[in-house]
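Below: run.txt (compact mmCIF, C-alpha atoms)
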```
# COMPACT_ATOMS: atom_id res chain seq x y z
CA GLY G 1 45.11 -70.57 16.32
CA ASP G 2 45.83 -67.19 17.80
CA SER G 3 42.98 -65.03 19.07
CA VAL G 4 42.44 -61.53 20.46
CA THR G 5 39.63 -60.30 22.64
CA GLN G 6 38.98 -56.59 22.98
CA MET G 7 36.46 -54.80 25.08
CA GLU G 8 33.38 -53.84 23.14
CA GLY G 9 32.72 -50.22 22.42
CA PRO G 10 31.94 -47.59 21.89
CA VAL G 11 33.91 -46.06 24.69
CA THR G 12 32.68 -42.53 25.26
CA LEU G 13 34.78 -40.11 27.31
CA SER G 14 35.08 -36.43 27.99
CA GLU G 15 38.24 -34.64 26.98
CA GLU G 16 41.13 -35.08 29.46
CA ALA G 17 39.63 -38.26 30.90
CA PHE G 18 41.71 -41.38 31.48
CA LEU G 19 41.43 -44.12 28.87
CA THR G 20 41.78 -47.87 29.19
CA ILE G 21 40.94 -50.30 26.40
CA ASN G 22 41.36 -53.90 27.47
CA CYS G 23 42.94 -56.51 25.24
CA THR G 24 43.72 -60.13 26.01
CA TYR G 25 45.17 -62.72 23.69
CA THR G 26 45.89 -66.38 23.20
CA ALA G 27 48.91 -67.44 21.19
CA THR G 28 51.62 -70.03 21.20
CA GLY G 29 55.26 -69.23 21.73
CA TYR G 30 56.37 -65.63 22.12
CA PRO G 31 54.15 -63.42 20.01
CA SER G 32 54.56 -59.72 19.33
CA LEU G 33 51.70 -57.45 20.34
CA PHE G 34 50.40 -54.37 18.58
CA TRP G 35 47.90 -51.57 18.80
CA TYR G 36 46.70 -50.00 15.57
CA VAL G 37 44.46 -46.96 15.18
CA GLN G 38 42.02 -46.31 12.36
CA TYR G 39 40.60 -42.85 11.76
CA PRO G 40 37.35 -42.55 9.78
CA GLY G 41 37.76 -43.45 6.13
CA GLU G 42 41.43 -44.34 6.49
CA GLY G 43 43.62 -47.41 6.76
CA LEU G 44 45.26 -48.63 9.94
CA GLN G 45 48.22 -46.86 11.47
CA LEU G 46 50.63 -48.54 13.84
CA LEU G 47 50.25 -46.90 17.23
CA LEU G 48 52.65 -48.96 19.34
CA LYS G 49 54.09 -52.42 19.75
CA ALA G 50 55.86 -54.67 22.23
CA THR G 51 57.85 -57.75 21.37
CA LYS G 52 58.60 -59.43 24.71
CA ALA G 53 57.23 -59.79 28.19
CA ASP G 54 57.21 -56.65 30.34
CA ASP G 55 58.03 -54.44 27.37
CA LYS G 56 56.10 -51.19 27.33
CA GLY G 57 55.15 -49.70 23.99
CA SER G 58 54.38 -46.00 23.92
CA ASN G 59 53.50 -43.35 21.38
CA LYS G 60 51.57 -40.06 21.38
CA GLY G 61 50.78 -40.42 25.07
CA PHE G 62 49.40 -43.95 24.66
CA GLU G 63 51.01 -46.85 26.50
CA ALA G 64 50.57 -50.60 26.70
CA THR G 65 52.58 -53.18 28.63
CA TYR G 66 53.10 -56.76 27.46
CA ARG G 67 51.87 -58.90 30.36
CA LYS G 68 52.64 -62.52 29.66
CA GLU G 69 51.32 -63.76 32.99
CA THR G 70 47.87 -62.36 32.28
CA THR G 71 48.16 -62.54 28.45
CA SER G 72 47.10 -58.92 28.25
CA PHE G 73 48.13 -55.77 26.41
CA HIS G 74 45.78 -53.05 27.66
CA LEU G 75 45.95 -49.64 26.01
CA GLU G 76 46.03 -46.58 28.27
CA LYS G 77 46.23 -42.83 27.95
CA GLY G 78 46.22 -40.40 30.81
CA SER G 79 44.34 -37.55 29.14
CA VAL G 80 42.44 -38.10 25.92
CA GLN G 81 41.73 -35.45 23.33
CA VAL G 82 38.93 -35.06 20.82
CA SER G 83 41.46 -35.89 18.09
CA ASP G 84 41.95 -39.34 19.64
CA SER G 85 38.45 -40.34 18.51
CA ALA G 86 39.00 -43.38 16.30
CA VAL G 87 38.78 -47.15 16.26
CA TYR G 88 41.58 -49.00 18.04
CA PHE G 89 42.62 -52.53 17.11
CA CYS G 90 44.70 -54.87 19.21
CA ALA G 91 46.69 -57.48 17.27
CA VAL G 92 48.95 -60.43 17.98
CA VAL G 93 51.59 -61.79 15.62
CA GLY G 94 52.92 -65.26 16.29
CA GLY G 95 55.29 -67.52 14.45
CA SER G 96 53.33 -67.37 11.19
CA TYR G 97 53.90 -63.60 10.96
CA ILE G 98 50.22 -63.25 10.07
CA PRO G 99 48.49 -60.95 12.55
CA THR G 100 45.27 -61.74 14.29
CA PHE G 101 43.17 -58.68 15.03
CA GLY G 102 40.61 -57.98 17.67
CA ARG G 103 37.21 -56.67 16.64
CA GLY G 104 38.19 -53.08 17.29
CA THR G 105 37.03 -50.62 19.93
CA SER G 106 35.52 -47.33 18.92
CA LEU G 107 36.57 -44.36 21.07
CA ILE G 108 34.48 -41.19 21.09
CA VAL G 109 35.86 -38.20 22.94
CA HIS G 110 33.58 -35.25 23.61
CA PRO G 111 34.85 -31.70 24.22
CA GLY N 112 59.69 -44.60 6.58
CA ALA N 113 57.45 -47.63 6.04
CA VAL N 114 54.90 -45.97 3.80
CA VAL N 115 52.36 -48.02 1.90
CA SER N 116 50.16 -46.48 -0.75
CA GLN N 117 47.01 -47.72 -2.41
CA HIS N 118 45.46 -46.64 -5.65
CA PRO N 119 42.75 -45.72 -6.25
CA SER N 120 41.49 -44.44 -2.93
CA TRP N 121 37.94 -44.90 -4.09
CA VAL N 122 36.24 -46.34 -7.14
CA ILE N 123 32.68 -46.66 -8.38
CA CYS N 124 31.96 -49.19 -11.08
CA LYS N 125 29.07 -50.92 -12.78
CA SER N 126 28.10 -54.47 -11.96
CA GLY N 127 29.97 -56.96 -14.12
CA THR N 128 33.10 -54.91 -14.62
CA SER N 129 36.53 -55.65 -13.16
CA VAL N 130 38.45 -53.35 -10.87
CA LYS N 131 42.17 -53.39 -10.12
CA ILE N 132 43.58 -52.02 -6.87
CA GLU N 133 47.31 -51.39 -6.47
CA CYS N 134 49.30 -51.60 -3.28
CA ARG N 135 52.83 -50.23 -3.17
CA SER N 136 55.49 -50.13 -0.49
CA LEU N 137 57.18 -46.80 -1.18
CA ASP N 138 60.34 -46.89 0.88
CA PHE N 139 60.99 -50.52 1.69
CA GLN N 140 60.86 -53.90 0.04
CA ALA N 141 57.92 -56.05 1.03
CA THR N 142 58.39 -59.78 0.86
CA THR N 143 54.81 -60.33 1.88
CA MET N 144 51.68 -58.33 1.32
CA PHE N 145 48.25 -58.94 2.75
CA TRP N 146 44.83 -58.02 1.50
CA TYR N 147 41.98 -57.35 3.87
CA ARG N 148 38.34 -56.51 3.53
CA GLN N 149 36.52 -54.42 6.08
CA PHE N 150 32.78 -54.04 6.44
CA PRO N 151 31.31 -51.00 8.18
CA LYS N 152 32.03 -50.95 11.90
CA GLN N 153 33.70 -54.34 11.75
CA SER N 154 37.18 -55.70 12.05
CA LEU N 155 39.47 -56.61 9.21
CA MET N 156 38.92 -59.88 7.39
CA LEU N 157 42.09 -61.32 5.92
CA MET N 158 41.45 -62.31 2.33
CA ALA N 159 44.83 -63.52 1.17
CA THR N 160 48.55 -63.44 1.73
CA SER N 161 50.84 -62.88 -1.22
CA ASN N 162 54.54 -63.46 -1.44
CA GLU N 163 56.61 -61.91 -4.18
CA GLY N 164 56.95 -64.22 -7.16
CA SER N 165 54.59 -66.92 -5.94
CA LYS N 166 50.89 -67.63 -5.88
CA ALA N 167 48.77 -66.01 -3.22
CA THR N 168 47.41 -68.02 -0.31
CA TYR N 169 43.71 -67.41 0.08
CA GLU N 170 41.76 -67.67 3.30
CA GLN N 171 38.92 -70.12 3.53
CA GLY N 172 35.79 -68.84 1.86
CA VAL N 173 37.56 -66.33 -0.40
CA GLU N 174 37.10 -67.05 -4.11
CA LYS N 175 40.51 -66.95 -5.74
CA ASP N 176 39.00 -66.69 -9.22
CA LYS N 177 37.05 -63.63 -8.19
CA PHE N 178 39.77 -61.88 -6.25
CA LEU N 179 42.92 -62.16 -8.34
CA ILE N 180 46.11 -61.23 -6.56
CA ASN N 181 49.44 -60.61 -8.23
CA HIS N 182 52.66 -59.78 -6.40
CA ALA N 183 55.03 -59.18 -9.26
CA SER N 184 57.72 -57.25 -7.42
CA LEU N 185 58.94 -56.50 -3.92
CA THR N 186 57.10 -53.19 -3.97
CA LEU N 187 53.84 -53.90 -5.77
CA SER N 188 50.86 -56.15 -5.27
CA THR N 189 47.55 -55.87 -7.09
CA LEU N 190 44.06 -57.08 -6.26
CA THR N 191 41.63 -57.43 -9.15
CA VAL N 192 37.96 -57.86 -8.34
CA THR N 193 36.60 -59.64 -11.38
CA SER N 194 32.98 -59.30 -12.52
CA ALA N 195 32.19 -57.15 -9.53
CA HIS N 196 28.72 -57.19 -8.00
CA PRO N 197 27.10 -54.95 -5.41
CA GLU N 198 27.91 -57.42 -2.63
CA ASP N 199 31.61 -56.85 -3.38
CA SER N 200 31.25 -53.24 -2.28
CA SER N 201 33.54 -52.78 0.67
CA PHE N 202 36.68 -51.14 2.02
CA TYR N 203 39.76 -53.01 0.85
CA ILE N 204 43.01 -52.53 2.73
CA CYS N 205 46.44 -53.86 1.95
CA SER N 206 49.42 -54.18 4.22
CA ALA N 207 53.06 -54.97 3.69
CA ARG N 208 55.71 -56.68 5.75
CA GLY N 209 59.32 -55.84 5.10
CA VAL N 210 62.46 -57.81 4.67
CA ALA N 211 65.00 -58.15 7.44
CA GLY N 212 66.86 -54.90 7.97
CA ALA N 213 63.92 -52.86 6.69
CA PRO N 214 60.92 -52.19 8.92
CA SER N 215 60.77 -55.07 11.34
CA THR N 216 59.51 -58.33 9.93
CA ASP N 217 56.81 -58.76 12.54
CA THR N 218 55.19 -55.40 11.85
CA GLN N 219 52.67 -54.76 9.15
CA TYR N 220 52.33 -51.36 7.54
CA PHE N 221 48.95 -50.56 6.12
CA GLY N 222 47.82 -48.70 3.08
CA PRO N 223 45.10 -46.05 3.38
CA GLY N 224 42.45 -48.33 1.91
CA THR N 225 40.29 -48.34 -1.23
CA ARG N 226 36.55 -47.80 -1.06
CA LEU N 227 34.85 -49.89 -3.76
CA THR N 228 31.24 -49.23 -4.64
CA VAL N 229 29.59 -51.47 -7.22
CA LEU N 230 26.36 -50.15 -8.68
```
Let me see whether you can do it: turn the structure in this file into structure tokens.
Amino acid sequence: GDSVTQMEGPVTLSEEAFLTINCTYTATGYPSLFWYVQYPGEGLQLLLKATKADDKGSNKGFEATYRKETTSFHLEKGSVQVSDSAVYFCAVVGGSYIPTFGRGTSLIVHP
Amino acid sequence: GAVVSQHPSWVICKSGTSVKIECRSLDFQATTMFWYRQFPKQSLMLMATSNEGSKATYEQGVEKDKFLINHASLTLSTLTVTSAHPEDSSFYICSARGVAGAPSTDTQYFGPGTRLTVL
């Protein structure tokens, strides 16, 4: 089956620092890739997605590029804010349309 | 667009009672809805997949008689935790996937979650 591996957290950064959260996946065919964000006590919100190789998803300053050759979809942001503190989930959706989630990476941003 | 609501947002109940959680897609039709369970500081565990008008498909290890799922319409799915016990306390999250032409069929849109506490 499909699988997703995310870097373990928590990731602790100072405000305005550069963020990278690594995500690699295994899946058959041509899956779609997603990043979701979960703020404390809330459900998941779609942050960005990419549906084919070399696509770049972007939203709210976050970016991730679908790299088929390395089966990766790393999340990046150039300058994080305290309000970005949350848990980030990488997910892959293959032919079954049922997503497989990574374990989540907690991000803590200090002022 | 693509808003999913859950009700209630939190519930406290006594051991042995049943609790029903509703999941609604507010501005699109959802052919498929998913129910997840999330433990503190952990990832989501898929419990079951429900398609409108048919029986839910439960993941291995999930008791279908304990977690009753009904997907009666294209905008509503319900999860009933029957004879709840303290070990059922958790954060339950639903998600919905739309029909073609609505929000893309490969994207899931999540509800805000329901915190269940069983005393």
Exercise. Contacts of G:Tyr36 at 12 Å or less, counting all atoms listed in the file, minus same-chain residues fewer than 4 places along, as a PyMOL selection string?
Worked result: (chain G and resi 42-49+57+59+62+64+75+86-92+99-106) or (chain N and resi 154-155+218-221)
Taking only C-alpha atoms into account, report as a CSV table (one decimal) with C-alpha atoms, keeping the file's coordinate frame which residues of chain N lie within 12 Å of chain G.
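Listing of out-v2.csv after writing:
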```
chain,number,residue,atom,x,y,z
N,113,ALA,CA,57.4,-47.6,6.0
N,114,VAL,CA,54.9,-46.0,3.8
N,115,VAL,CA,52.4,-48.0,1.9
N,116,SER,CA,50.2,-46.5,-0.8
N,117,GLN,CA,47.0,-47.7,-2.4
N,120,SER,CA,41.5,-44.4,-2.9
N,121,TRP,CA,37.9,-44.9,-4.1
N,142,THR,CA,58.4,-59.8,0.9
N,143,THR,CA,54.8,-60.3,1.9
N,144,MET,CA,51.7,-58.3,1.3
N,145,PHE,CA,48.2,-58.9,2.8
N,146,TRP,CA,44.8,-58.0,1.5
N,147,TYR,CA,42.0,-57.4,3.9
N,148,ARG,CA,38.3,-56.5,3.5
N,149,GLN,CA,36.5,-54.4,6.1
N,150,PHE,CA,32.8,-54.0,6.4
N,151,PRO,CA,31.3,-51.0,8.2
N,152,LYS,CA,32.0,-51.0,11.9
N,153,GLN,CA,33.7,-54.3,11.8
N,154,SER,CA,37.2,-55.7,12.0
N,155,LEU,CA,39.5,-56.6,9.2
N,156,MET,CA,38.9,-59.9,7.4
N,157,LEU,CA,42.1,-61.3,5.9
N,158,MET,CA,41.4,-62.3,2.3
N,159,ALA,CA,44.8,-63.5,1.2
N,160,THR,CA,48.6,-63.4,1.7
N,161,SER,CA,50.8,-62.9,-1.2
N,168,THR,CA,47.4,-68.0,-0.3
N,170,GLU,CA,41.8,-67.7,3.3
N,201,SER,CA,33.5,-52.8,0.7
N,202,PHE,CA,36.7,-51.1,2.0
N,203,TYR,CA,39.8,-53.0,0.8
N,204,ILE,CA,43.0,-52.5,2.7
N,205,CYS,CA,46.4,-53.9,2.0
N,206,SER,CA,49.4,-54.2,4.2
N,207,ALA,CA,53.1,-55.0,3.7
N,208,ARG,CA,55.7,-56.7,5.8
N,209,GLY,CA,59.3,-55.8,5.1
N,214,PRO,CA,60.9,-52.2,8.9
N,215,SER,CA,60.8,-55.1,11.3
N,216,THR,CA,59.5,-58.3,9.9
N,217,ASP,CA,56.8,-58.8,12.5
N,218,THR,CA,55.2,-55.4,11.8
N,219,GLN,CA,52.7,-54.8,9.2
N,220,TYR,CA,52.3,-51.4,7.5
N,221,PHE,CA,49.0,-50.6,6.1
N,222,GLY,CA,47.8,-48.7,3.1
N,223,PRO,CA,45.1,-46.0,3.4
N,224,GLY,CA,42.4,-48.3,1.9
N,225,THR,CA,40.3,-48.3,-1.2
N,226,ARG,CA,36.6,-47.8,-1.1
```
Problem set entry | Atomic separation - atom CA of G:Asp2 relative to atom CA of G:Lys77, Å |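 Rounded to one decimal, the two atoms are 26.4 Å apart.
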Exercise. How far is it from atom CA of G:Ala53 to atom CA of G:Val37, in Å with one decimal?
Worked result: 22.3 Å
Exercise. Which distance in Å separates atom CA of N:Thr186 and atom CA of N:Glu163, to one decimal?
Worked result: 8.7 Å
Problem set entry | Shell around stretch 81-83 of chain G at 7 Å using all atoms listed in the file, local window under 6 positions removed, as a list in words | Glu15, Glu16, Val109, His110 and Pro111 of chain G
For the residues selected in the previous step, produce a file with C-alpha atoms as a JSON list (two decimals), in the frame of the given file.
```json
[["chain", "number", "residue", "atom", "x", "y", "z"],
["G", 15, "GLU", "CA", 38.24, -34.64, 26.98],
["G", 16, "GLU", "CA", 41.13, -35.08, 29.46],
["G", 109, "VAL", "CA", 35.86, -38.20, 22.94],
["G", 110, "HIS", "CA", 33.58, -35.25, 23.61],
["G", 111, "PRO", "CA", 34.85, -31.70, 24.22]]
```
For this session: Would you mind telling me which residue in G:Ala17, G:Val11, G:Ala27, G:Val4 lies nearest to G:Ser79 when using all atoms listed in the file?
Result: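 Ranking G:Ala17, G:Val11, G:Ala27, G:Val4 by distance to G:Ser79, first place goes to G:Ala17.
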For this session: Please write as a PyMOL selection string the list of polymer residues whose atoms come within 9 Å of (50.6, -48.0, -7.9), counting all atoms listed in the file and keeping to the coordinates of the file.
Result: chain N and resi 116-119+132-135+187-189
